[in-house]
file entry00.csv (CSV, C-alpha atoms)
chain,number,residue,atom,x,y,z
H,99,MET,CA,19.1,1.3,-3.1
H,100,ARG,CA,19.2,0.0,-6.7
H,101,TRP,CA,16.4,-1.9,-8.3
H,102,SER,CA,18.8,-4.5,-9.7
H,103,ASP,CA,20.4,-5.2,-6.3
H,104,VAL,CA,18.7,-8.2,-4.5
H,105,ARG,CA,19.7,-6.7,-1.2
H,106,THR,CA,17.2,-3.9,-1.9
H,107,TRP,CA,14.3,-6.4,-1.7
H,108,GLY,CA,15.4,-8.5,1.3
H,109,THR,CA,15.1,-11.7,-0.7
H,110,ASP,CA,17.1,-13.7,-3.2
H,111,LEU,CA,15.3,-12.2,-6.1
H,112,PRO,CA,14.1,-8.8,-7.3
H,113,PRO,CA,10.4,-8.3,-7.9
H,114,VAL,CA,8.8,-10.5,-10.5
H,115,GLU,CA,5.8,-10.1,-12.8
H,116,GLY,CA,2.6,-9.5,-10.8
H,117,ASP,CA,4.3,-8.3,-7.6
H,118,LEU,CA,3.0,-5.2,-5.7
H,119,ILE,CA,6.0,-3.3,-4.3
H,120,SER,CA,6.3,-0.6,-1.7
H,121,VAL,CA,8.8,2.2,-1.4
H,122,PRO,CA,8.7,3.0,2.4
H,123,LYS,CA,9.6,6.2,4.2
H,124,GLY,CA,13.2,7.1,4.0
H,125,MET,CA,13.9,4.8,1.0
H,126,THR,CA,15.3,6.2,-2.3
H,127,LEU,CA,14.9,3.5,-5.0
H,128,LEU,CA,17.1,3.9,-8.1
H,129,VAL,CA,15.4,2.3,-11.1
H,130,ASP,CA,18.5,1.1,-13.0
H,131,GLN,CA,16.8,-1.5,-15.3
H,132,THR,CA,13.5,-2.1,-17.0
H,133,THR,CA,11.0,-3.7,-14.6
H,134,PRO,CA,8.8,-6.7,-15.0
H,135,ARG,CA,5.0,-6.0,-15.4
H,136,LEU,CA,4.1,-5.2,-11.8
H,137,ASP,CA,0.7,-5.2,-10.2
H,138,GLY,CA,1.5,-1.8,-8.7
H,139,ILE,CA,4.0,0.5,-6.9
H,140,ILE,CA,3.1,2.2,-3.6
H,141,VAL,CA,5.4,5.1,-2.6
H,142,GLU,CA,4.9,5.8,1.1
H,143,ASP,CA,7.0,9.0,1.8
H,144,GLY,CA,9.9,7.4,-0.2
H,145,LYS,CA,11.4,8.4,-3.5
H,146,ILE,CA,11.8,6.8,-6.9
H,147,ILE,CA,14.6,8.1,-9.1
H,148,PHE,CA,15.7,6.9,-12.5
H,149,SER,CA,19.2,6.1,-13.7
H,150,ASP,CA,20.6,7.9,-16.7
H,151,GLU,CA,22.6,4.8,-17.7
H,152,GLY,CA,20.4,4.1,-20.7
H,153,PRO,CA,16.8,3.5,-21.8
H,154,MET,CA,14.6,1.7,-19.3
H,155,GLU,CA,10.9,1.4,-18.5
H,156,ILE,CA,8.6,0.8,-15.5
H,157,HIS,CA,5.8,-1.6,-16.4
H,158,THR,CA,3.0,-1.3,-13.8
H,159,ASN,CA,-0.7,-1.1,-13.5
H,160,PHE,CA,-0.5,1.9,-11.1
H,161,ILE,CA,1.8,4.0,-9.0
H,162,THR,CA,0.4,5.5,-5.8
H,163,LEU,CA,2.2,8.4,-4.2
H,164,ASN,CA,1.5,9.1,-0.6
H,165,GLY,CA,3.8,12.0,0.4
H,166,GLY,CA,6.7,10.8,-1.7
call {"tool": "encode", "arguments": {"input": "entry00.csv", "output": "structure tokens"}}
result
Amino acid sequence: MRWSDVRTWGTDLPPVEGDLISVPKGMTLLVDQTTPRLDGIIVEDGKIIFSDEGPMEIHTNFITLNGG
């Protein structure tokens, strides 16, 4: 699932500034663009991987890994 694809998030928009996001069990999230400033990211047995398509950054107050 790509960060830039709105279908990843189940809404009409990807996460916006101040959001808290979750990467649930079984989900592999491909970060393919720079993120807005997030409140946090919680990885619950999921995975975050990064695209090699160019420079990008994750902006977040924290990342919590629980078995991911």
call {"tool": "closest_residue", "arguments": {"input": "entry00.csv", "among": "H:Gly144, H:Pro134, H:Gly108, H:Gly165", "to": "Val121 (chain H)", "atoms": "all atoms listed in the file"}}
result
H:Gly144
call {"tool": "residues_around", "arguments": {"input": "entry00.csv", "residues": "Thr126 (chain H)", "least_positions_apart": "2", "cutoff": "9 Å", "atoms": "only C-alpha atoms", "output": "JSON, numbers by chain"}}
result
{"H": [99, 100, 121, 122, 123, 124, 128, 144, 145, 146, 147]}
call {"tool": "residues_around", "arguments": {"input": "entry00.csv", "residues": "Ser102 (chain H)", "least_positions_apart": "3", "cutoff": "7 Å", "atoms": "all atoms listed in the file", "output": "MDAnalysis selection string"}}
result
chainID H and resid 112 130:131
call {"tool": "residues_around", "arguments": {"input": "entry00.csv", "residues": "Gly152 (chain H)", "least_positions_apart": "2", "cutoff": "12 Å", "atoms": "only C-alpha atoms", "output": "list of chain:residue names"}}
result
H:Val129, H:Asp130, H:Gln131, H:Thr132, H:Phe148, H:Ser149, H:Asp150, H:Met154, H:Glu155
call {"tool": "atom_distance", "arguments": {"input": "entry00.csv", "atom1": "CA of Arg135 (chain H)", "atom2": "CA of Ile161 (chain H)"}}
result
12.3 Å
call {"tool": "atom_distance", "arguments": {"input": "entry00.csv", "atom1": "CA of Met125 (chain H)", "atom2": "CA of Pro153 (chain H)"}}
result
23.0 Å
call {"tool": "closest_residue", "arguments": {"input": "entry00.csv", "among": "H:His157, H:Asn164, H:Asp143, H:Asp137", "to": "Gly116 (chain H)", "atoms": "only C-alpha atoms"}}
result
H:Asp137
call {"tool": "atom_distance", "arguments": {"input": "entry00.csv", "atom1": "CA of Val104 (chain H)", "atom2": "CA of Leu127 (chain H)"}}
result
12.3 Å
call {"tool": "closest_residue", "arguments": {"input": "entry00.csv", "among": "H:Ile119, H:Val141, H:Ile156, H:Leu136", "to": "Trp107 (chain H)", "atoms": "only C-alpha atoms"}}
result
H:Ile119
call {"tool": "closest_residue", "arguments": {"input": "entry00.csv", "among": "H:Thr133, H:Glu142, H:Glu151, H:Leu163", "to": "Asp117 (chain H)", "atoms": "all atoms listed in the file"}}
result
H:Thr133
